[in-house]
Amino acid sequence: MSAVLGTHPDLALIHGWGIGSAVWQPLIEPLASTWRVHLVDLPGYAGAAESSADFTATAQALIDHLPDGVTLCGWSLGAMLALRATLLAPQRVAGLLLVGATASFCQREGWSAAQAPELLDSFSESVRAEPQQTLQRFAALICQGDRQSRSLLRLLLACLRNGGQPTSETLHRGLDWLREVDLRPQLSTIATRTLLIHGKNDRLNPVAAAYHLSTSLPAARLEVFGESGHAPFLADPDRFIQLVNDFHHVRPAP
């Protein structure tokens, strides 16, 4: 866990694979005017201790270190961890904000709205040989399909420089999770109020994956950003912040 800023209610920002919590930096100050923002550093990122824990244990540790009634805002792999944490402790989570999310990153039988296993194999090989160049390649993939791809890529490369590079072990562990985790069978049991935010042109988690989530999660609503790729919160931060703050204002009474 990293910085905590602002006042109640609690909002935890959970980054994805490869790029740490620095990716949220442009949003922290405006969000802190409405929320108490918990900036989460996953194990192995931004100086956070390494961990050999599996996906479920990491999700458990995540929710254990956050206050009751927290809203979890996860991006990509962070969204998968947010879903798993909610399955583990639904009574502790007030809401879910899932950005560029999927229930299964990897293609499986009957599931094509995902990436081929070969992409993950390619990244695993590249991480072993050239981790820095691999992360730069990943940043470019995030930006594909976005109307502001050039400026967005500059921002993400700055995040990589300023946030510190995770170790190869950390990157490999995350790739294993993306390859193995499939939360689709459990989605119908998540009654937590959920807002899905997804880029229409997302090349990593196709928008079809978000539509699947929106129909599988009982209390979900989907907002699609028409000219965005995998990072809609950076491509259109004003709209993103408005949606997140609106989500707060319509919170049901305890």
# chains A, B, ... in the order shown; residues from 1 in each chain; ligands from 1
$ closest_atom_pairs --of "region 27-47 of chain A" --to "region 12-19 of chain A" --cutoff "7 Å" --atoms "only C-alpha atoms" --output "JSON lines"
{"residue": "A:Val37", "atom": "CA", "partner": "A:Ala12", "partner_atom": "CA", "distance": 5.9}
{"residue": "A:His38", "atom": "CA", "partner": "A:Ala12", "partner_atom": "CA", "distance": 4.5}
{"residue": "A:Leu39", "atom": "CA", "partner": "A:Leu13", "partner_atom": "CA", "distance": 5.3}
{"residue": "A:Val40", "atom": "CA", "partner": "A:Ile14", "partner_atom": "CA", "distance": 5.4}
$ select_by_dssp --residues "region 16-217 of chain A" --states "helix (DSSP H, G or I)" --output "JSON, numbers by chain"
{"A": [21, 22, 23, 24, 25, 26, 27, 28, 29, 30, 31, 32, 55, 56, 57, 58, 59, 60, 61, 62, 63, 64, 77, 78, 79, 80, 81, 82, 83, 84, 85, 86, 87, 88, 90, 91, 92, 117, 118, 119, 120, 121, 122, 123, 124, 125, 126, 127, 128, 129, 131, 132, 133, 134, 135, 136, 137, 138, 139, 140, 141, 142, 143, 149, 150, 151, 152, 153, 154, 155, 156, 157, 158, 159, 160, 161, 162, 163, 168, 169, 170, 171, 172, 173, 174, 175, 176, 177, 178, 179, 180, 184, 185, 186, 187, 188, 189, 207, 208, 209, 210, 211, 212, 213, 214, 215, 216]}
$ closest_residue --among "A:Thr170, A:Gln91, A:Ala85, A:Leu98" --to "Ala49 (chain A)" --atoms "only C-alpha atoms"
A:Thr170
$ closest_residue --among "A:Gln186, A:Ser168, A:Ser112, A:Thr134" --to "Thr86 (chain A)" --atoms "only C-alpha atoms"
A:Gln186
$ residues_around --residues "region 33-36 of chain A" --least-positions-apart "5" --cutoff "6 Å" --atoms "only C-alpha atoms" --output "VMD selection string"
chain A and resid 5 to 11
$ closest_residue --among "A:Ala48, A:Leu175, A:Leu135, A:Cys73" --to "Arg161 (chain A)" --atoms "only C-alpha atoms"
A:Leu135
$ residues_around --residues "Leu27 (chain A)" --least-positions-apart "3" --cutoff "12 Å" --atoms "only C-alpha atoms" --output "PDB file with N, CA and C atoms, in the first residue's frame"
ATOM      1  N   LEU A   5      -4.801   9.788   0.550  1.00  0.00           N
ATOM      2  CA  LEU A   5      -5.068  11.218   0.473  1.00  0.00           C
ATOM      3  C   LEU A   5      -6.567  11.459   0.441  1.00  0.00           C
ATOM      4  N   LEU A  13      -7.220   2.558  -5.595  1.00  0.00           N
ATOM      5  CA  LEU A  13      -6.817   2.512  -6.999  1.00  0.00           C
ATOM      6  C   LEU A  13      -5.795   1.386  -7.173  1.00  0.00           C
ATOM      7  N   SER A  21       1.551   2.068  -9.695  1.00  0.00           N
ATOM      8  CA  SER A  21       0.548   3.044  -9.263  1.00  0.00           C
ATOM      9  C   SER A  21       0.799   4.449  -9.803  1.00  0.00           C
ATOM     10  N   ALA A  22       1.984   4.717 -10.349  1.00  0.00           N
ATOM     11  CA  ALA A  22       2.254   6.029 -10.956  1.00  0.00           C
ATOM     12  C   ALA A  22       1.291   6.330 -12.088  1.00  0.00           C
ATOM     13  N   VAL A  23       0.666   5.289 -12.646  1.00  0.00           N
ATOM     14  CA  VAL A  23      -0.254   5.494 -13.758  1.00  0.00           C
ATOM     15  C   VAL A  23      -1.484   6.305 -13.342  1.00  0.00           C
ATOM     16  N   TRP A  24      -1.801   6.308 -12.039  1.00  0.00           N
ATOM     17  CA  TRP A  24      -2.964   7.045 -11.544  1.00  0.00           C
ATOM     18  C   TRP A  24      -2.641   8.494 -11.202  1.00  0.00           C
ATOM     19  N   PRO A  30      -7.652  15.417  -8.191  1.00  0.00           N
ATOM     20  CA  PRO A  30      -9.089  15.657  -8.335  1.00  0.00           C
ATOM     21  C   PRO A  30      -9.950  14.621  -7.622  1.00  0.00           C
ATOM     22  N   LEU A  31      -9.538  13.362  -7.606  1.00  0.00           N
ATOM     23  CA  LEU A  31     -10.324  12.352  -6.909  1.00  0.00           C
ATOM     24  C   LEU A  31     -10.305  12.567  -5.396  1.00  0.00           C
ATOM     25  N   ALA A  32      -9.185  13.072  -4.881  1.00  0.00           N
ATOM     26  CA  ALA A  32      -9.058  13.271  -3.437  1.00  0.00           C
ATOM     27  C   ALA A  32      -9.957  14.379  -2.914  1.00  0.00           C
ATOM     28  N   SER A  33     -10.559  15.164  -3.803  1.00  0.00           N
ATOM     29  CA  SER A  33     -11.508  16.178  -3.343  1.00  0.00           C
ATOM     30  C   SER A  33     -12.847  15.556  -2.972  1.00  0.00           C
ATOM     31  N   THR A  34     -13.082  14.310  -3.399  1.00  0.00           N
ATOM     32  CA  THR A  34     -14.350  13.622  -3.119  1.00  0.00           C
ATOM     33  C   THR A  34     -14.157  12.345  -2.325  1.00  0.00           C
ATOM     34  N   TRP A  35     -13.010  11.724  -2.469  1.00  0.00           N
ATOM     35  CA  TRP A  35     -12.741  10.414  -1.873  1.00  0.00           C
ATOM     36  C   TRP A  35     -11.501  10.470  -0.973  1.00  0.00           C
ATOM     37  N   VAL A  37      -8.384   8.539  -1.054  1.00  0.00           N
ATOM     38  CA  VAL A  37      -7.789   7.709  -2.086  1.00  0.00           C
ATOM     39  C   VAL A  37      -6.648   6.876  -1.499  1.00  0.00           C
ATOM     40  N   LEU A  39      -3.737   4.581  -2.678  1.00  0.00           N
ATOM     41  CA  LEU A  39      -2.964   4.267  -3.875  1.00  0.00           C
ATOM     42  C   LEU A  39      -2.234   2.947  -3.637  1.00  0.00           C
ATOM     43  N   PHE A 233      -9.166   6.021 -18.672  1.00  0.00           N
ATOM     44  CA  PHE A 233      -9.039   6.971 -17.560  1.00  0.00           C
ATOM     45  C   PHE A 233      -7.964   8.015 -17.825  1.00  0.00           C
ATOM     46  N   LEU A 234      -7.002   7.689 -18.682  1.00  0.00           N
ATOM     47  CA  LEU A 234      -5.976   8.661 -19.067  1.00  0.00           C
ATOM     48  C   LEU A 234      -6.349   9.392 -20.355  1.00  0.00           C
ATOM     49  N   ALA A 235      -7.062   8.716 -21.228  1.00  0.00           N
ATOM     50  CA  ALA A 235      -7.440   9.326 -22.496  1.00  0.00           C
ATOM     51  C   ALA A 235      -8.488  10.427 -22.303  1.00  0.00           C
ATOM     52  N   ASP A 236      -9.405  10.221 -21.366  1.00  0.00           N
ATOM     53  CA  ASP A 236     -10.448  11.216 -21.089  1.00  0.00           C
ATOM     54  C   ASP A 236     -10.627  11.320 -19.581  1.00  0.00           C
ATOM     55  N   PRO A 237      -9.641  11.913 -18.888  1.00  0.00           N
ATOM     56  CA  PRO A 237      -9.679  11.929 -17.430  1.00  0.00           C
ATOM     57  C   PRO A 237     -10.870  12.683 -16.860  1.00  0.00           C
ATOM     58  N   ASP A 238     -11.313  13.753 -17.517  1.00  0.00           N
ATOM     59  CA  ASP A 238     -12.444  14.522 -16.983  1.00  0.00           C
ATOM     60  C   ASP A 238     -13.710  13.677 -16.942  1.00  0.00           C
ATOM     61  N   ARG A 239     -13.983  12.957 -18.027  1.00  0.00           N
ATOM     62  CA  ARG A 239     -15.169  12.091 -18.030  1.00  0.00           C
ATOM     63  C   ARG A 239     -15.026  10.981 -16.999  1.00  0.00           C
ATOM     64  N   PHE A 240     -13.838  10.413 -16.903  1.00  0.00           N
ATOM     65  CA  PHE A 240     -13.611   9.340 -15.941  1.00  0.00           C
ATOM     66  C   PHE A 240     -13.863   9.826 -14.519  1.00  0.00           C
ATOM     67  N   ILE A 241     -13.291  10.960 -14.170  1.00  0.00           N
ATOM     68  CA  ILE A 241     -13.451  11.495 -12.804  1.00  0.00           C
ATOM     69  C   ILE A 241     -14.919  11.791 -12.516  1.00  0.00           C
ATOM     70  N   GLN A 242     -15.637  12.340 -13.493  1.00  0.00           N
ATOM     71  CA  GLN A 242     -17.052  12.624 -13.309  1.00  0.00           C
ATOM     72  C   GLN A 242     -17.838  11.337 -13.039  1.00  0.00           C
ATOM     73  N   VAL A 244     -16.681   8.520 -11.791  1.00  0.00           N
ATOM     74  CA  VAL A 244     -16.308   7.988 -10.480  1.00  0.00           C
ATOM     75  C   VAL A 244     -16.986   8.788  -9.368  1.00  0.00           C
ATOM     76  N   ASN A 245     -17.008  10.104  -9.496  1.00  0.00           N
ATOM     77  CA  ASN A 245     -17.662  10.925  -8.482  1.00  0.00           C
ATOM     78  C   ASN A 245     -19.168  10.724  -8.473  1.00  0.00           C
TER      79      ASN A 245
END
$ residues_around --residues "Leu196 (chain A)" --least-positions-apart "5" --cutoff "10 Å" --atoms "only C-alpha atoms" --output "VMD selection string"
chain A and resid 73 79 96 to 102 210 to 211 213 to 214 220 to 224
$ closest_residue --among "A:Pro43, A:Pro67, A:Pro26, A:Pro185" --to "Leu156 (chain A)" --atoms "only C-alpha atoms"
A:Pro26
$ residues_around --residues "Arg173 (chain A)" --least-positions-apart "4" --cutoff "12 Å" --atoms "only C-alpha atoms" --output "PDB file with N, CA, C and O atoms, in the first residue's frame"
ATOM      1  N   TRP A  17      -0.881  -4.811 -14.891  1.00  0.00           N
ATOM      2  CA  TRP A  17       0.416  -5.464 -15.100  1.00  0.00           C
ATOM      3  C   TRP A  17       1.412  -4.484 -15.712  1.00  0.00           C
ATOM      4  O   TRP A  17       1.089  -3.701 -16.605  1.00  0.00           O
ATOM      5  N   GLY A  18       2.638  -4.520 -15.213  1.00  0.00           N
ATOM      6  CA  GLY A  18       3.753  -3.834 -15.866  1.00  0.00           C
ATOM      7  C   GLY A  18       3.963  -2.392 -15.465  1.00  0.00           C
ATOM      8  O   GLY A  18       5.098  -1.940 -15.355  1.00  0.00           O
ATOM      9  N   LEU A  42       0.966  -3.049  -5.901  1.00  0.00           N
ATOM     10  CA  LEU A  42       0.980  -4.501  -5.825  1.00  0.00           C
ATOM     11  C   LEU A  42       2.390  -5.000  -5.499  1.00  0.00           C
ATOM     12  O   LEU A  42       3.368  -4.275  -5.720  1.00  0.00           O
ATOM     13  N   PRO A  43       2.519  -6.222  -4.971  1.00  0.00           N
ATOM     14  CA  PRO A  43       3.841  -6.741  -4.616  1.00  0.00           C
ATOM     15  C   PRO A  43       4.826  -6.662  -5.771  1.00  0.00           C
ATOM     16  O   PRO A  43       4.516  -7.046  -6.902  1.00  0.00           O
ATOM     17  N   GLY A  44       6.010  -6.101  -5.468  1.00  0.00           N
ATOM     18  CA  GLY A  44       7.060  -5.998  -6.473  1.00  0.00           C
ATOM     19  C   GLY A  44       7.058  -4.709  -7.257  1.00  0.00           C
ATOM     20  O   GLY A  44       7.934  -4.501  -8.107  1.00  0.00           O
ATOM     21  N   GLU A  50       8.466  -7.877  -2.562  1.00  0.00           N
ATOM     22  CA  GLU A  50       8.142  -8.996  -3.437  1.00  0.00           C
ATOM     23  C   GLU A  50       7.282 -10.003  -2.676  1.00  0.00           C
ATOM     24  O   GLU A  50       7.285 -10.055  -1.453  1.00  0.00           O
ATOM     25  N   SER A  51       6.564 -10.811  -3.409  1.00  0.00           N
ATOM     26  CA  SER A  51       5.737 -11.834  -2.800  1.00  0.00           C
ATOM     27  C   SER A  51       5.692 -13.043  -3.699  1.00  0.00           C
ATOM     28  O   SER A  51       5.657 -12.918  -4.919  1.00  0.00           O
ATOM     29  N   SER A  52       5.662 -14.212  -3.090  1.00  0.00           N
ATOM     30  CA  SER A  52       5.505 -15.448  -3.860  1.00  0.00           C
ATOM     31  C   SER A  52       4.060 -15.929  -3.819  1.00  0.00           C
ATOM     32  O   SER A  52       3.753 -17.041  -4.254  1.00  0.00           O
ATOM     33  N   ALA A  53       3.161 -15.088  -3.284  1.00  0.00           N
ATOM     34  CA  ALA A  53       1.771 -15.491  -3.112  1.00  0.00           C
ATOM     35  C   ALA A  53       1.083 -15.681  -4.458  1.00  0.00           C
ATOM     36  O   ALA A  53       1.417 -15.034  -5.446  1.00  0.00           O
ATOM     37  N   ASP A  54       0.089 -16.562  -4.468  1.00  0.00           N
ATOM     38  CA  ASP A  54      -0.689 -16.762  -5.678  1.00  0.00           C
ATOM     39  C   ASP A  54      -1.744 -15.665  -5.824  1.00  0.00           C
ATOM     40  O   ASP A  54      -1.835 -14.746  -5.001  1.00  0.00           O
ATOM     41  N   PHE A  55      -2.538 -15.768  -6.875  1.00  0.00           N
ATOM     42  CA  PHE A  55      -3.507 -14.726  -7.202  1.00  0.00           C
ATOM     43  C   PHE A  55      -4.511 -14.525  -6.073  1.00  0.00           C
ATOM     44  O   PHE A  55      -4.771 -13.392  -5.645  1.00  0.00           O
ATOM     45  N   THR A  58      -2.972 -12.957  -2.969  1.00  0.00           N
ATOM     46  CA  THR A  58      -2.689 -11.541  -3.193  1.00  0.00           C
ATOM     47  C   THR A  58      -3.963 -10.720  -3.083  1.00  0.00           C
ATOM     48  O   THR A  58      -3.970  -9.626  -2.494  1.00  0.00           O
ATOM     49  N   LEU A  77      -5.450  -6.069 -15.023  1.00  0.00           N
ATOM     50  CA  LEU A  77      -5.172  -7.087 -14.020  1.00  0.00           C
ATOM     51  C   LEU A  77      -5.641  -6.630 -12.642  1.00  0.00           C
ATOM     52  O   LEU A  77      -6.118  -7.441 -11.837  1.00  0.00           O
ATOM     53  N   LEU A 120       0.965 -14.097 -24.521  1.00  0.00           N
ATOM     54  CA  LEU A 120       1.561 -14.193 -23.194  1.00  0.00           C
ATOM     55  C   LEU A 120       2.892 -14.934 -23.251  1.00  0.00           C
ATOM     56  O   LEU A 120       3.841 -14.569 -22.549  1.00  0.00           O
ATOM     57  N   PHE A 123       5.422 -12.428 -24.440  1.00  0.00           N
ATOM     58  CA  PHE A 123       5.813 -11.494 -23.389  1.00  0.00           C
ATOM     59  C   PHE A 123       6.713 -12.172 -22.355  1.00  0.00           C
ATOM     60  O   PHE A 123       7.659 -11.557 -21.848  1.00  0.00           O
ATOM     61  N   SER A 124       6.427 -13.425 -22.025  1.00  0.00           N
ATOM     62  CA  SER A 124       7.270 -14.138 -21.055  1.00  0.00           C
ATOM     63  C   SER A 124       8.703 -14.250 -21.549  1.00  0.00           C
ATOM     64  O   SER A 124       9.668 -14.037 -20.797  1.00  0.00           O
ATOM     65  N   VAL A 127      10.273 -10.673 -21.473  1.00  0.00           N
ATOM     66  CA  VAL A 127      10.577 -10.204 -20.119  1.00  0.00           C
ATOM     67  C   VAL A 127      11.888 -10.797 -19.631  1.00  0.00           C
ATOM     68  O   VAL A 127      12.685 -10.134 -18.955  1.00  0.00           O
ATOM     69  N   PRO A 166       9.349  -2.967 -12.219  1.00  0.00           N
ATOM     70  CA  PRO A 166       9.227  -4.197 -11.422  1.00  0.00           C
ATOM     71  C   PRO A 166      10.245  -5.231 -11.882  1.00  0.00           C
ATOM     72  O   PRO A 166      10.740  -5.185 -13.011  1.00  0.00           O
ATOM     73  N   THR A 167      10.546  -6.175 -11.014  1.00  0.00           N
ATOM     74  CA  THR A 167      11.510  -7.212 -11.351  1.00  0.00           C
ATOM     75  C   THR A 167      10.916  -8.189 -12.356  1.00  0.00           C
ATOM     76  O   THR A 167       9.695  -8.285 -12.532  1.00  0.00           O
ATOM     77  N   SER A 168      11.781  -8.944 -12.992  1.00  0.00           N
ATOM     78  CA  SER A 168      11.327  -9.974 -13.927  1.00  0.00           C
ATOM     79  C   SER A 168      10.443 -10.998 -13.226  1.00  0.00           C
ATOM     80  O   SER A 168       9.455 -11.483 -13.794  1.00  0.00           O
ATOM     81  N   GLU A 169      10.779 -11.322 -11.980  1.00  0.00           N
ATOM     82  CA  GLU A 169       9.964 -12.281 -11.222  1.00  0.00           C
ATOM     83  C   GLU A 169       8.537 -11.765 -11.061  1.00  0.00           C
ATOM     84  O   GLU A 169       7.561 -12.506 -11.254  1.00  0.00           O
ATOM     85  N   TRP A 177      -0.690 -15.182 -13.882  1.00  0.00           N
ATOM     86  CA  TRP A 177      -2.071 -14.922 -13.467  1.00  0.00           C
ATOM     87  C   TRP A 177      -2.952 -14.647 -14.679  1.00  0.00           C
ATOM     88  O   TRP A 177      -4.066 -15.167 -14.778  1.00  0.00           O
ATOM     89  N   LEU A 178      -2.472 -13.829 -15.599  1.00  0.00           N
ATOM     90  CA  LEU A 178      -3.265 -13.501 -16.782  1.00  0.00           C
ATOM     91  C   LEU A 178      -3.535 -14.746 -17.624  1.00  0.00           C
ATOM     92  O   LEU A 178      -4.577 -14.856 -18.276  1.00  0.00           O
ATOM     93  N   ARG A 179      -2.612 -15.675 -17.614  1.00  0.00           N
ATOM     94  CA  ARG A 179      -2.773 -16.909 -18.375  1.00  0.00           C
ATOM     95  C   ARG A 179      -3.758 -17.863 -17.695  1.00  0.00           C
ATOM     96  O   ARG A 179      -4.555 -18.541 -18.365  1.00  0.00           O
ATOM     97  N   GLU A 180      -3.741 -17.905 -16.375  1.00  0.00           N
ATOM     98  CA  GLU A 180      -4.445 -18.961 -15.639  1.00  0.00           C
ATOM     99  C   GLU A 180      -5.818 -18.560 -15.109  1.00  0.00           C
ATOM    100  O   GLU A 180      -6.718 -19.411 -15.027  1.00  0.00           O
ATOM    101  N   VAL A 181      -5.997 -17.300 -14.730  1.00  0.00           N
ATOM    102  CA  VAL A 181      -7.204 -16.925 -13.985  1.00  0.00           C
ATOM    103  C   VAL A 181      -8.406 -16.801 -14.916  1.00  0.00           C
ATOM    104  O   VAL A 181      -8.345 -16.147 -15.962  1.00  0.00           O
TER     105      VAL A 181
END
$ residues_around --residues "region 226-231 of chain A" --least-positions-apart "3" --cutoff "9 Å" --atoms "only C-alpha atoms" --output "list of chain:residue names"
A:Trp75, A:Ser76, A:Val99, A:Gly100, A:Leu141, A:Ile142, A:Cys143, A:Gln144, A:Gly145, A:Asp146, A:Arg147, A:Gln148, A:Ser149, A:Leu152, A:His198, A:Gly199, A:Lys200, A:Asn201, A:Asp202, A:Arg203, A:Leu204, A:Asn205, A:Pro206, A:Leu234, A:Ala235, A:Asp236
$ write_last_selection --atoms "N, CA and C atoms" --output "JSON list (two decimals), in the first residue's frame"
[["chain", "number", "residue", "atom", "x", "y", "z"],
["A", 75, "TRP", "N", -7.76, -1.51, -12.64],
["A", 75, "TRP", "CA", -7.52, -1.42, -14.08],
["A", 75, "TRP", "C", -6.89, -2.71, -14.57],
["A", 76, "SER", "N", -7.51, -3.35, -15.56],
["A", 76, "SER", "CA", -6.94, -4.51, -16.23],
["A", 76, "SER", "C", -6.68, -5.64, -15.23],
["A", 99, "VAL", "N", -12.02, -1.02, -14.81],
["A", 99, "VAL", "CA", -11.57, -0.24, -15.96],
["A", 99, "VAL", "C", -10.76, -1.15, -16.90],
["A", 100, "GLY", "N", -11.16, -1.20, -18.17],
["A", 100, "GLY", "CA", -10.46, -2.07, -19.11],
["A", 100, "GLY", "C", -10.43, -3.50, -18.63],
["A", 141, "LEU", "N", 1.03, -1.12, -26.85],
["A", 141, "LEU", "CA", -0.20, -1.89, -27.03],
["A", 141, "LEU", "C", -1.37, -1.24, -26.30],
["A", 142, "ILE", "N", -1.11, -0.70, -25.12],
["A", 142, "ILE", "CA", -2.16, -0.01, -24.36],
["A", 142, "ILE", "C", -2.74, 1.14, -25.18],
["A", 143, "CYS", "N", -1.89, 1.80, -25.91],
["A", 143, "CYS", "CA", -2.30, 3.01, -26.64],
["A", 143, "CYS", "C", -2.95, 2.72, -27.99],
["A", 144, "GLN", "N", -2.80, 1.53, -28.51],
["A", 144, "GLN", "CA", -3.36, 1.22, -29.82],
["A", 144, "GLN", "C", -4.87, 1.45, -29.82],
["A", 145, "GLY", "N", -5.36, 2.07, -30.88],
["A", 145, "GLY", "CA", -6.78, 2.33, -31.00],
["A", 145, "GLY", "C", -7.25, 3.61, -30.34],
["A", 146, "ASP", "N", -6.35, 4.29, -29.64],
["A", 146, "ASP", "CA", -6.74, 5.52, -28.95],
["A", 146, "ASP", "C", -6.47, 6.72, -29.85],
["A", 147, "ARG", "N", -7.42, 7.63, -29.86],
["A", 147, "ARG", "CA", -7.28, 8.82, -30.70],
["A", 147, "ARG", "C", -6.06, 9.64, -30.29],
["A", 148, "GLN", "N", -5.67, 9.58, -29.02],
["A", 148, "GLN", "CA", -4.53, 10.35, -28.51],
["A", 148, "GLN", "C", -3.33, 9.45, -28.26],
["A", 149, "SER", "N", -3.11, 8.49, -29.13],
["A", 149, "SER", "CA", -2.13, 7.45, -28.85],
["A", 149, "SER", "C", -0.72, 7.99, -28.61],
["A", 152, "LEU", "N", -0.55, 9.80, -25.21],
["A", 152, "LEU", "CA", -0.77, 8.80, -24.18],
["A", 152, "LEU", "C", 0.47, 7.92, -23.99],
["A", 198, "HIS", "N", -14.82, 1.21, -20.14],
["A", 198, "HIS", "CA", -14.04, 0.47, -21.13],
["A", 198, "HIS", "C", -13.86, 1.29, -22.40],
["A", 199, "GLY", "N", -12.69, 1.19, -23.01],
["A", 199, "GLY", "CA", -12.44, 1.82, -24.29],
["A", 199, "GLY", "C", -13.00, 0.98, -25.44],
["A", 200, "LYS", "N", -13.72, 1.62, -26.34],
["A", 200, "LYS", "CA", -14.32, 0.89, -27.46],
["A", 200, "LYS", "C", -13.26, 0.22, -28.32],
["A", 201, "ASN", "N", -12.06, 0.84, -28.41],
["A", 201, "ASN", "CA", -11.00, 0.34, -29.28],
["A", 201, "ASN", "C", -9.91, -0.41, -28.51],
["A", 202, "ASP", "N", -10.24, -0.92, -27.34],
["A", 202, "ASP", "CA", -9.28, -1.63, -26.50],
["A", 202, "ASP", "C", -8.73, -2.85, -27.25],
["A", 203, "ARG", "N", -7.40, -2.88, -27.45],
["A", 203, "ARG", "CA", -6.77, -3.98, -28.18],
["A", 203, "ARG", "C", -6.32, -5.12, -27.26],
["A", 204, "LEU", "N", -6.30, -4.88, -25.97],
["A", 204, "LEU", "CA", -5.85, -5.91, -25.03],
["A", 204, "LEU", "C", -7.03, -6.69, -24.45],
["A", 205, "ASN", "N", -8.01, -5.99, -23.92],
["A", 205, "ASN", "CA", -9.25, -6.62, -23.47],
["A", 205, "ASN", "C", -10.38, -6.08, -24.34],
["A", 206, "PRO", "N", -10.78, -6.82, -25.36],
["A", 206, "PRO", "CA", -11.79, -6.31, -26.29],
["A", 206, "PRO", "C", -13.06, -5.88, -25.56],
["A", 234, "LEU", "N", -7.00, 7.69, -18.68],
["A", 234, "LEU", "CA", -5.98, 8.66, -19.07],
["A", 234, "LEU", "C", -6.35, 9.39, -20.35],
["A", 235, "ALA", "N", -7.06, 8.72, -21.23],
["A", 235, "ALA", "CA", -7.44, 9.33, -22.50],
["A", 235, "ALA", "C", -8.49, 10.43, -22.30],
["A", 236, "ASP", "N", -9.41, 10.22, -21.37],
["A", 236, "ASP", "CA", -10.45, 11.22, -21.09],
["A", 236, "ASP", "C", -10.63, 11.32, -19.58]]
$ closest_residue --among "A:Leu183, A:Ser151, A:Leu217, A:Asp121" --to "Leu81 (chain A)" --atoms "only C-alpha atoms"
A:Leu183
$ select_by_dssp --residues "region 30-254 of chain A" --states "strand (DSSP E or B)" --output "ChimeraX atom specification"
/A:36-40,70-75,93-99,106,108,111,115,194-199,220-225
$ atom_distance --atom1 "CA of Ala140 (chain A)" --atom2 "CA of Tyr45 (chain A)"
20.0 Å
$ atom_distance --atom1 "CA of Gln165 (chain A)" --atom2 "CA of Gln25 (chain A)"
16.3 Å
$ closest_residue --among "A:Gly110, A:Pro218, A:Gly163, A:Gly69" --to "Pro90 (chain A)" --atoms "only C-alpha atoms"
A:Gly69
$ atom_distance --atom1 "CA of Gly20 (chain A)" --atom2 "CA of Asp41 (chain A)"
6.5 Å
